[in-house]
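Data from structure02.pdb: PDB, C-alpha atoms
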ATOM      1  CA  MET A   1     163.272  73.009  85.390
ATOM      2  CA  ALA A   2     166.048  72.243  82.888
ATOM      3  CA  ASP A   3     165.439  69.858  79.972
ATOM      4  CA  ARG A   4     165.522  66.327  81.376
ATOM      5  CA  ARG A   5     167.408  65.118  78.301
ATOM      6  CA  LEU A   6     170.234  67.550  79.070
ATOM      7  CA  GLN A   7     170.319  66.395  82.692
ATOM      8  CA  VAL A   8     170.629  62.762  81.610
ATOM      9  CA  PHE A   9     173.243  63.539  78.949
ATOM     10  CA  HIS A  10     175.280  65.537  81.479
ATOM     11  CA  ALA A  11     175.192  62.635  83.943
ATOM     12  CA  VAL A  12     176.275  60.094  81.300
ATOM     13  CA  ALA A  13     179.114  62.347  80.122
ATOM     14  CA  LYS A  14     180.351  63.004  83.658
ATOM     15  CA  HIS A  15     180.090  59.414  84.887
ATOM     16  CA  GLY A  16     181.305  57.883  81.623
ATOM     17  CA  SER A  17     178.724  55.137  81.924
ATOM     18  CA  PHE A  18     175.015  54.606  81.278
ATOM     19  CA  THR A  19     174.847  52.323  84.310
ATOM     20  CA  ARG A  20     176.446  54.790  86.741
ATOM     21  CA  ALA A  21     174.376  57.656  85.329
ATOM     22  CA  ALA A  22     171.201  55.608  85.844
ATOM     23  CA  GLU A  23     172.183  54.902  89.459
ATOM     24  CA  HIS A  24     172.982  58.575  90.073
ATOM     25  CA  LEU A  25     169.671  59.734  88.574
ATOM     26  CA  HIS A  26     167.623  56.888  90.130
ATOM     27  CA  MET A  27     166.498  55.793  86.670
ATOM     28  CA  THR A  28     166.574  52.516  84.787
ATOM     29  CA  GLN A  29     169.297  52.074  82.201
ATOM     30  CA  PRO A  30     166.770  51.742  79.317
ATOM     31  CA  ALA A  31     165.244  55.074  80.398
ATOM     32  CA  VAL A  32     168.670  56.722  80.265
ATOM     33  CA  THR A  33     169.338  55.226  76.834
ATOM     34  CA  PHE A  34     165.959  56.518  75.615
ATOM     35  CA  GLN A  35     166.701  60.075  76.794
ATOM     36  CA  ILE A  36     170.084  60.087  75.045
ATOM     37  CA  LYS A  37     168.476  58.755  71.850
ATOM     38  CA  GLN A  38     165.848  61.513  72.014
ATOM     39  CA  LEU A  39     168.547  64.176  72.393
ATOM     40  CA  GLU A  40     170.592  62.818  69.498
ATOM     41  CA  GLU A  41     167.463  62.770  67.315
ATOM     42  CA  HIS A  42     166.755  66.370  68.319
ATOM     43  CA  PHE A  43     170.198  67.498  67.137
ATOM     44  CA  ASP A  44     170.227  64.968  64.292
ATOM     45  CA  THR A  45     173.774  63.870  65.164
ATOM     46  CA  ARG A  46     175.601  61.372  67.332
ATOM     47  CA  LEU A  47     176.729  62.813  70.679
ATOM     48  CA  LEU A  48     178.353  59.737  72.223
ATOM     49  CA  ASP A  49     180.573  57.041  70.789
ATOM     50  CA  ARG A  50     180.058  53.676  72.460
ATOM     51  CA  GLY A  51     182.699  51.022  71.999
ATOM     52  CA  HIS A  52     184.948  48.596  73.879
ATOM     53  CA  GLY A  53     183.056  49.246  77.103
ATOM     54  CA  LYS A  54     183.935  52.944  77.007
ATOM     55  CA  ILE A  55     181.875  56.060  76.270
ATOM     56  CA  THR A  56     183.503  59.065  74.601
ATOM     57  CA  LEU A  57     182.067  62.366  73.445
ATOM     58  CA  THR A  58     181.942  63.257  69.772
ATOM     59  CA  PRO A  59     182.832  66.857  68.820
ATOM     60  CA  ALA A  60     179.111  67.629  68.847
ATOM     61  CA  GLY A  61     178.862  65.947  72.251
ATOM     62  CA  GLU A  62     181.649  68.154  73.630
ATOM     63  CA  LEU A  63     179.735  71.227  72.470
ATOM     64  CA  VAL A  64     176.443  70.034  73.937
ATOM     65  CA  LEU A  65     178.143  69.206  77.250
ATOM     66  CA  ALA A  66     179.609  72.724  77.519
ATOM     67  CA  TYR A  67     176.189  74.292  76.974
ATOM     68  CA  ALA A  68     174.452  71.732  79.196
ATOM     69  CA  GLU A  69     176.665  72.743  82.118
ATOM     70  CA  LYS A  70     175.780  76.413  81.579
ATOM     71  CA  ILE A  71     172.066  75.702  81.206
ATOM     72  CA  LEU A  72     171.908  73.399  84.248
ATOM     73  CA  GLY A  73     173.883  75.903  86.310
ATOM     74  CA  LEU A  74     171.530  78.742  85.357
ATOM     75  CA  SER A  75     168.532  76.543  86.093
ATOM     76  CA  ALA A  76     169.819  75.784  89.596
ATOM     77  CA  GLU A  77     170.574  79.469  90.152
ATOM     78  CA  LEU A  78     167.067  80.408  89.008
ATOM     79  CA  ASP A  79     165.506  77.938  91.441
ATOM     80  CA  SER A  80     167.647  79.307  94.246
ATOM     81  CA  ARG A  81     166.896  82.957  93.469
ATOM     82  CA  VAL A  82     163.123  82.425  93.264
ATOM     83  CA  SER A  83     163.109  80.406  96.507
ATOM     84  CA  GLU A  84     164.883  83.304  98.224
ATOM     85  CA  LEU A  85     161.795  85.455  97.664
ATOM     86  CA  THR A  86     159.553  83.153  99.642
ATOM     87  CA  ASP A  87     161.666  80.824 101.764
ATOM     88  CA  ASP A  88     164.662  80.796 104.076
ATOM     89  CA  LEU A  89     168.044  80.975 102.426
ATOM     90  CA  ALA A  90     169.035  77.710 100.766
ATOM     91  CA  GLY A  91     171.162  76.416  97.938
ATOM     92  CA  GLN A  92     174.816  76.102  97.053
ATOM     93  CA  ILE A  93     177.418  78.797  97.643
ATOM     94  CA  LYS A  94     180.938  78.466  96.217
ATOM     95  CA  ILE A  95     183.517  79.912  98.614
ATOM     96  CA  GLY A  96     187.190  80.448  97.894
ATOM     97  CA  THR A  97     189.614  81.039 100.735
ATOM     98  CA  SER A  98     193.281  81.248 101.581
ATOM     99  CA  THR A  99     194.908  78.440 103.566
ATOM    100  CA  THR A 100     195.176  80.401 106.820
ATOM    101  CA  ILE A 101     191.564  81.566 106.780
ATOM    102  CA  ALA A 102     190.391  78.084 105.802
ATOM    103  CA  ALA A 103     192.086  76.541 108.831
ATOM    104  CA  TYR A 104     191.687  79.157 111.557
ATOM    105  CA  TRP A 105     188.731  81.425 110.694
ATOM    106  CA  LEU A 106     186.335  79.746 108.277
ATOM    107  CA  PRO A 107     185.197  76.718 110.350
ATOM    108  CA  GLN A 108     183.613  78.936 113.005
ATOM    109  CA  VAL A 109     181.976  81.111 110.348
ATOM    110  CA  LEU A 110     180.533  78.084 108.539
ATOM    111  CA  GLU A 111     179.265  76.540 111.765
ATOM    112  CA  GLY A 112     177.314  79.645 112.731
ATOM    113  CA  PHE A 113     175.942  80.234 109.235
ATOM    114  CA  LYS A 114     174.839  76.612 108.817
ATOM    115  CA  ARG A 115     173.036  76.706 112.161
ATOM    116  CA  ARG A 116     171.175  79.799 111.000
ATOM    117  CA  TYR A 117     170.480  78.488 107.465
ATOM    118  CA  PRO A 118     170.581  74.661 107.419
ATOM    119  CA  GLY A 119     169.512  74.514 103.771
ATOM    120  CA  VAL A 120     172.684  76.209 102.540
ATOM    121  CA  LEU A 121     175.369  73.965 101.007
ATOM    122  CA  PRO A 122     178.837  75.572 101.225
ATOM    123  CA  ARG A 123     181.443  74.319  98.732
ATOM    124  CA  VAL A 124     184.911  75.499  99.731
ATOM    125  CA  VAL A 125     187.987  75.768  97.508
ATOM    126  CA  VAL A 126     191.332  76.533  99.178
ATOM    127  CA  GLY A 127     194.114  78.381  97.337
ATOM    128  CA  THR A 128     196.296  81.461  97.462
ATOM    129  CA  SER A 129     194.745  84.895  97.884
ATOM    130  CA  LYS A 130     195.682  85.773  94.289
ATOM    131  CA  LEU A 131     194.136  82.627  92.828
ATOM    132  CA  THR A 132     190.973  83.092  94.887
ATOM    133  CA  GLU A 133     190.632  86.718  93.803
ATOM    134  CA  ASP A 134     191.036  85.809  90.125
ATOM    135  CA  ARG A 135     188.406  83.068  90.401
ATOM    136  CA  VAL A 136     185.922  85.418  92.091
ATOM    137  CA  ALA A 137     186.558  88.028  89.380
ATOM    138  CA  ALA A 138     185.909  85.345  86.733
ATOM    139  CA  ARG A 139     182.710  84.316  88.596
ATOM    140  CA  ASP A 140     183.974  80.788  89.090
ATOM    141  CA  LEU A 141     183.446  81.432  92.818
ATOM    142  CA  ASP A 142     180.594  83.286  94.530
ATOM    143  CA  ILE A 143     182.685  84.753  97.327
ATOM    144  CA  GLY A 144     186.305  84.951  98.476
ATOM    145  CA  LEU A 145     187.823  85.196 101.956
ATOM    146  CA  ILE A 146     191.422  86.355 101.618
ATOM    147  CA  GLU A 147     194.198  88.278 103.344
ATOM    148  CA  ILE A 148     194.711  90.997 100.785
ATOM    149  CA  ALA A 149     193.066  91.972  97.500
ATOM    150  CA  THR A 150     194.079  94.139  94.567
ATOM    151  CA  GLU A 151     191.967  96.756  92.825
ATOM    152  CA  GLN A 152     190.261  94.610  90.188
ATOM    153  CA  GLN A 153     187.222  96.512  88.940
ATOM    154  CA  SER A 154     185.149  93.352  88.639
ATOM    155  CA  ILE A 155     185.154  92.622  92.380
ATOM    156  CA  GLU A 156     183.763  94.402  95.426
ATOM    157  CA  ARG A 157     185.994  94.454  98.504
ATOM    158  CA  ARG A 158     184.718  94.399 102.094
ATOM    159  CA  PRO A 159     187.390  94.894 104.767
ATOM    160  CA  ALA A 160     186.444  92.679 107.716
ATOM    161  CA  THR A 161     189.230  92.841 110.311
ATOM    162  CA  ARG A 162     192.981  92.399 110.689
ATOM    163  CA  ASP A 163     195.366  89.972 112.367
ATOM    164  CA  GLU A 164     198.862  90.761 113.596
ATOM    165  CA  LEU A 165     201.820  89.122 111.878
ATOM    166  CA  LEU A 166     204.513  87.665 114.123
ATOM    167  CA  VAL A 167     207.868  86.000 113.628
ATOM    168  CA  ILE A 168     207.729  82.356 114.690
ATOM    169  CA  CYS A 169     210.675  80.125 115.522
ATOM    170  CA  SER A 170     211.672  77.319 117.876
ATOM    171  CA  PRO A 171     212.252  78.198 121.541
ATOM    172  CA  ASP A 172     215.976  77.409 121.002
ATOM    173  CA  HIS A 173     216.359  79.739 118.022
ATOM    174  CA  PRO A 174     218.685  82.777 118.481
ATOM    175  CA  LEU A 175     215.757  85.104 117.671
ATOM    176  CA  ALA A 176     213.534  83.624 120.396
ATOM    177  CA  LYS A 177     215.083  85.694 123.197
ATOM    178  CA  LEU A 178     214.305  89.069 121.565
ATOM    179  CA  GLU A 179     211.181  91.061 122.450
ATOM    180  CA  GLN A 180     210.672  92.534 118.973
ATOM    181  CA  LEU A 181     212.330  92.173 115.600
ATOM    182  CA  THR A 182     213.127  94.630 112.849
ATOM    183  CA  ALA A 183     213.721  93.560 109.272
ATOM    184  CA  ARG A 184     217.474  94.008 109.808
ATOM    185  CA  ASP A 185     217.376  91.687 112.828
ATOM    186  CA  LEU A 186     216.129  88.919 110.519
ATOM    187  CA  VAL A 187     218.887  89.234 107.904
ATOM    188  CA  GLY A 188     221.224  86.244 107.957
ATOM    189  CA  HIS A 189     218.718  83.856 109.521
ATOM    190  CA  PRO A 190     217.125  81.151 107.314
ATOM    191  CA  PHE A 191     213.616  82.245 106.288
ATOM    192  CA  ILE A 192     210.735  79.817 105.631
ATOM    193  CA  ASP A 193     208.561  81.734 103.155
ATOM    194  CA  ARG A 194     205.051  81.252 101.751
ATOM    195  CA  ASP A 195     204.327  80.267  98.153
ATOM    196  CA  PRO A 196     203.954  82.974  95.470
ATOM    197  CA  GLY A 197     200.492  84.547  95.429
ATOM    198  CA  ASN A 198     200.028  84.158  99.178
ATOM    199  CA  GLY A 199     198.767  87.349 100.820
ATOM    200  CA  ILE A 200     201.020  87.068 103.880
ATOM    201  CA  ARG A 201     204.038  86.581 101.622
ATOM    202  CA  GLN A 202     203.171  89.853  99.886
ATOM    203  CA  ILE A 203     202.957  91.709 103.200
ATOM    204  CA  ALA A 204     206.260  90.176 104.364
ATOM    205  CA  ASP A 205     207.921  91.278 101.114
ATOM    206  CA  GLU A 206     206.625  94.808 101.686
ATOM    207  CA  PHE A 207     207.905  94.745 105.288
ATOM    208  CA  PHE A 208     211.448  93.933 104.151
ATOM    209  CA  GLU A 209     211.293  96.379 101.240
ATOM    210  CA  ALA A 210     210.134  99.259 103.470
ATOM    211  CA  ALA A 211     213.187  98.661 105.684
ATOM    212  CA  GLY A 212     215.542  98.699 102.708
ATOM    213  CA  VAL A 213     216.298  94.980 102.907
ATOM    214  CA  ALA A 214     216.860  93.597  99.423
ATOM    215  CA  GLY A 215     215.682  90.148  98.424
ATOM    216  CA  SER A 216     219.298  89.089  97.923
ATOM    217  CA  GLU A 217     219.961  89.737 101.635
ATOM    218  CA  ILE A 218     217.295  87.258 102.750
ATOM    219  CA  THR A 219     218.480  83.698 103.348
ATOM    220  CA  LEU A 220     215.654  81.639 101.891
ATOM    221  CA  CYS A 221     215.223  78.234 103.542
ATOM    222  CA  ALA A 222     212.041  77.004 101.824
ATOM    223  CA  GLU A 223     208.862  78.138 100.075
ATOM    224  CA  LEU A 224     205.784  76.238 101.262
ATOM    225  CA  GLY A 225     202.077  76.432 100.577
ATOM    226  CA  SER A 226     201.145  74.571 103.752
ATOM    227  CA  LEU A 227     201.092  76.552 106.994
ATOM    228  CA  ALA A 228     201.216  73.292 108.964
ATOM    229  CA  ALA A 229     204.472  72.377 107.206
ATOM    230  CA  ILE A 230     205.876  75.861 107.819
ATOM    231  CA  LYS A 231     205.153  75.612 111.541
ATOM    232  CA  GLN A 232     206.703  72.153 111.693
ATOM    233  CA  LEU A 233     209.956  73.302 110.064
ATOM    234  CA  ALA A 234     210.086  76.366 112.293
ATOM    235  CA  ALA A 235     209.473  74.260 115.430
ATOM    236  CA  ALA A 236     212.274  71.929 114.324
ATOM    237  CA  GLY A 237     214.684  74.875 114.303
ATOM    238  CA  LEU A 238     215.281  75.013 110.548
ATOM    239  CA  GLY A 239     214.460  78.712 110.303
ATOM    240  CA  PHE A 240     212.016  81.462 111.154
ATOM    241  CA  ALA A 241     208.704  82.245 109.444
ATOM    242  CA  ILE A 242     206.099  84.997 109.530
ATOM    243  CA  ALA A 243     202.548  83.970 110.407
ATOM    244  CA  SER A 244     199.308  85.456 111.663
ATOM    245  CA  LYS A 245     198.661  85.509 115.396
ATOM    246  CA  ARG A 246     195.473  83.436 115.247
ATOM    247  CA  ALA A 247     197.202  80.701 113.253
ATOM    248  CA  ILE A 248     199.961  80.111 115.800
ATOM    249  CA  HIS A 249     198.168  80.804 119.084
ATOM    250  CA  ARG A 250     197.890  77.165 120.173
ATOM    251  CA  ASP A 251     201.454  76.284 119.114
ATOM    252  CA  VAL A 252     202.792  79.127 121.259
ATOM    253  CA  GLU A 253     200.613  78.172 124.239
ATOM    254  CA  GLU A 254     201.866  74.577 124.068
ATOM    255  CA  GLY A 255     205.507  75.668 123.807
ATOM    256  CA  ARG A 256     206.283  74.372 120.320
ATOM    257  CA  LEU A 257     206.892  77.846 118.931
ATOM    258  CA  VAL A 258     207.890  81.274 120.149
ATOM    259  CA  ALA A 259     206.179  84.329 118.597
ATOM    260  CA  ILE A 260     207.907  87.726 118.445
ATOM    261  CA  PRO A 261     206.243  90.963 117.245
ATOM    262  CA  LEU A 262     207.668  92.773 114.242
ATOM    263  CA  GLN A 263     208.893  96.332 114.519
ATOM    264  CA  PRO A 264     207.071  98.275 113.236
ATOM    265  CA  ARG A 265     203.998  96.239 114.164
ATOM    266  CA  THR A 266     202.607  94.627 111.024
ATOM    267  CA  TYR A 267     199.117  93.344 110.296
ATOM    268  CA  THR A 268     197.388  91.319 107.617
ATOM    269  CA  PRO A 269     193.918  92.474 106.580
ATOM    270  CA  LEU A 270     191.116  89.957 106.229
ATOM    271  CA  GLU A 271     188.839  90.824 103.340
ATOM    272  CA  VAL A 272     185.616  89.449 101.942
ATOM    273  CA  ILE A 273     185.349  89.811  98.171
ATOM    274  CA  VAL A 274     182.366  89.232  95.882
ATOM    275  CA  PRO A 275     181.785  89.792  92.170
ATOM    276  CA  ARG A 276     180.584  93.305  91.395
ATOM    277  CA  ASP A 277     177.033  92.377  90.406
ATOM    278  CA  LYS A 278     173.878  94.472  90.310
ATOM    279  CA  PHE A 279     171.722  91.358  90.764
ATOM    280  CA  ARG A 280     173.733  89.529  93.436
ATOM    281  CA  SER A 281     171.791  86.777  95.148
ATOM    282  CA  ARG A 282     170.534  87.247  98.683
ATOM    283  CA  LEU A 283     172.493  84.155  99.746
ATOM    284  CA  ILE A 284     175.832  85.637  98.659
ATOM    285  CA  THR A 285     175.030  88.987 100.270
ATOM    286  CA  ALA A 286     173.922  87.316 103.511
ATOM    287  CA  PHE A 287     177.071  85.186 103.719
ATOM    288  CA  ALA A 288     179.346  88.158 102.978
ATOM    289  CA  ASP A 289     177.655  90.208 105.702
ATOM    290  CA  TYR A 290     177.822  87.337 108.182
ATOM    291  CA  ALA A 291     181.497  86.588 107.453
ATOM    292  CA  CYS A 292     182.467  90.238 107.990
ATOM    293  CA  GLU A 293     180.590  90.359 111.297
ATOM    294  CA  GLU A 294     182.055  87.070 112.522
ATOM    295  CA  PHE A 295     185.631  87.965 111.542
ATOM    296  CA  ALA A 296     185.339  91.238 113.471
ATOM    297  CA  ARG A 297     183.812  89.504 116.507
ATOM    298  CA  MET A 298     186.464  86.762 116.548
ATOM    299  CA  ALA A 299     189.219  89.381 116.349
ATOM    300  CA  ARG A 300     187.735  91.321 119.280
ATOM    301  CA  GLU A 301     187.517  88.182 121.382
ATOM    302  CA  ALA A 302     191.150  87.348 120.633
ATOM    303  CA  GLU A 303     192.283  90.815 121.725
ATOM    304  CA  GLU A 304     190.296  90.587 124.970
ATOM    305  CA  ALA A 305     191.606  87.109 125.822
TER     306      ALA A 305
END
Could I get this file's structure written as structure tokens?
Amino acid sequence: MADRRLQVFHAVAKHGSFTRAAEHLHMTQPAVTFQIKQLEEHFDTRLLDRGHGKITLTPAGELVLAYAEKILGLSAELDSRVSELTDDLAGQIKIGTSTTIAAYWLPQVLEGFKRRYPGVLPRVVVGTSKLTEDRVAARDLDIGLIEIATEQQSIERRPATRDELLVICSPDHPLAKLEQLTARDLVGHPFIDRDPGNGIRQIADEFFEAAGVAGSEITLCAELGSLAAIKQLAAAGLGFAIASKRAIHRDVEEGRLVAIPLQPRTYTPLEVIVPRDKFRSRLITAFADYACEEFARMAREAEEA
């Protein structure tokens, strides 16, 4: 529904080439050139500089590109919203998620949702819980799946379930023989921590703080954003880490890691967050509802196993 000239200009600007834009749009190169010429005549200014085999945007072109992206995005959203009134759910949904949820919860959720609504195109961005929350609040993402959220007024929080946090270490580690671990038990042992902004890191910090353990008493071994790397270092005996039960289940079963409960028992919430929006699309609402239901079901199955 959007102006075809804007669509062509957007493609040329993004691909940096009339030829590649023509291929992407299934048009001839002269047709692409004609559309760009028409747009430049409409604004009575040059939008693209062509020279030395390279295309660059003029200042006016930069401005038109910024508005073209907004207009094309709104056009796609309009098509999706109208189709929701008459058809099955379809269209793109931008999902942000933390690393743990992305690896150990989200695949099963996506599989079930795609089977139910094949026309939906999920686009997933993985980051820390804090980064995901900020991007949902800014409406850069449609929905977020994170461990813990703050009280930003621009987002709506939906608690889904919880997962227990456990200390993980190699079977040969001195902590491996204990049945439970207090914060004081962990002092003096090298700690493999998460990166700043990670929800589980925040809960671990609160666990130590509640026990009166100062940050200076914790022997930091490494800060890592990759859970796979954390598990590898822990399995190699370089230190202990704190991870969710679902994320380390297979490693424990196969004997690479030992998992010990914290005392007091500590849990990470799993939350679904969406922008606080009076006119939220049916697709976003349906995915949020489905994710909450699936998280709760998966948690129940894990407890019964």
Subject >> Picked residues, the PyMOL selection byres ((chain A and resi 16) around 12), as a VMD selection string >> reply: chain A and resid 8 to 15 17 to 22 24 48 to 51 53 to 57
What's around A:Ile95 at 9 Å? Count all atoms listed in the file, leave out sequence neighbours fewer than 5 positions away in its own chain, and write the answer as an mmCIF file with C-alpha atoms, in the coordinates of the input.
data_model
loop_
_atom_site.group_PDB
_atom_site.id
_atom_site.type_symbol
_atom_site.label_atom_id
_atom_site.label_comp_id
_atom_site.auth_asym_id
_atom_site.auth_seq_id
_atom_site.Cartn_x
_atom_site.Cartn_y
_atom_site.Cartn_z
ATOM 1 C CA PRO A 122 178.837 75.572 101.225
ATOM 2 C CA ARG A 123 181.443 74.319 98.732
ATOM 3 C CA VAL A 124 184.911 75.499 99.731
ATOM 4 C CA VAL A 125 187.987 75.768 97.508
ATOM 5 C CA VAL A 126 191.332 76.533 99.178
ATOM 6 C CA THR A 132 190.973 83.092 94.887
ATOM 7 C CA VAL A 136 185.922 85.418 92.091
ATOM 8 C CA LEU A 141 183.446 81.432 92.818
ATOM 9 C CA ASP A 142 180.594 83.286 94.530
ATOM 10 C CA ILE A 143 182.685 84.753 97.327
ATOM 11 C CA GLY A 144 186.305 84.951 98.476
ATOM 12 C CA LEU A 145 187.823 85.196 101.956
#
Subject >> Selection: 9 Å around stretch 108-116 of chain A, all atoms listed in the file, excl. self and same-chain fewer than 2 positions, as a list of chain:residue names >> reply: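 Answer for this query is A:Tyr104, A:Trp105, A:Leu106, A:Pro118, A:Gly119, A:Val120, A:Leu121, A:Pro122, A:Phe287, A:Tyr290, A:Ala291, A:Glu294, A:Phe295.
Distances to A:Val272 were evaluated for A:Lys70, A:Arg158, A:Arg256, A:Arg139 using all atoms listed in the file, and the minimum falls at A:Arg158.
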**OP:** Given the file shown, determine the residues that the PyMOL selection byres ((chain A and resi 176) around 12) selects; report them as a PyMOL selection string.
**Re:** chain A and resi 166-175+177-181+185-186+234-235+237+239-240+252+255-261
Original post:
So which residues touch stretch 42-46 of chain A within 9 Å, counting all atoms listed in the file, skipping near sequence neighbours fewer than 4 positions away, as a PyMOL selection string?
Top reply: chain A and resi 37-38+57-58+60-61
To test your reading of the syntax: which residues would the PyMOL selection byres ((chain A and resi 198-215) around 8) return for the file shown? Reply as an mmCIF file with C-alpha atoms, keeping the file's coordinate frame.
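Saved to result_25.cif:
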data_model
loop_
_atom_site.group_PDB
_atom_site.id
_atom_site.type_symbol
_atom_site.label_atom_id
_atom_site.label_comp_id
_atom_site.auth_asym_id
_atom_site.auth_seq_id
_atom_site.Cartn_x
_atom_site.Cartn_y
_atom_site.Cartn_z
ATOM 1 C CA SER A 98 193.281 81.248 101.581
ATOM 2 C CA THR A 128 196.296 81.461 97.462
ATOM 3 C CA SER A 129 194.745 84.895 97.884
ATOM 4 C CA LYS A 130 195.682 85.773 94.289
ATOM 5 C CA ILE A 146 191.422 86.355 101.618
ATOM 6 C CA GLU A 147 194.198 88.278 103.344
ATOM 7 C CA ILE A 148 194.711 90.997 100.785
ATOM 8 C CA ALA A 183 213.721 93.560 109.272
ATOM 9 C CA ARG A 184 217.474 94.008 109.808
ATOM 10 C CA ASP A 193 208.561 81.734 103.155
ATOM 11 C CA ARG A 194 205.051 81.252 101.751
ATOM 12 C CA ASP A 195 204.327 80.267 98.153
ATOM 13 C CA PRO A 196 203.954 82.974 95.470
ATOM 14 C CA GLY A 197 200.492 84.547 95.429
ATOM 15 C CA SER A 216 219.298 89.089 97.923
ATOM 16 C CA GLU A 217 219.961 89.737 101.635
ATOM 17 C CA ILE A 218 217.295 87.258 102.750
ATOM 18 C CA ILE A 242 206.099 84.997 109.530
ATOM 19 C CA ALA A 243 202.548 83.970 110.407
ATOM 20 C CA THR A 266 202.607 94.627 111.024
ATOM 21 C CA THR A 268 197.388 91.319 107.617
#
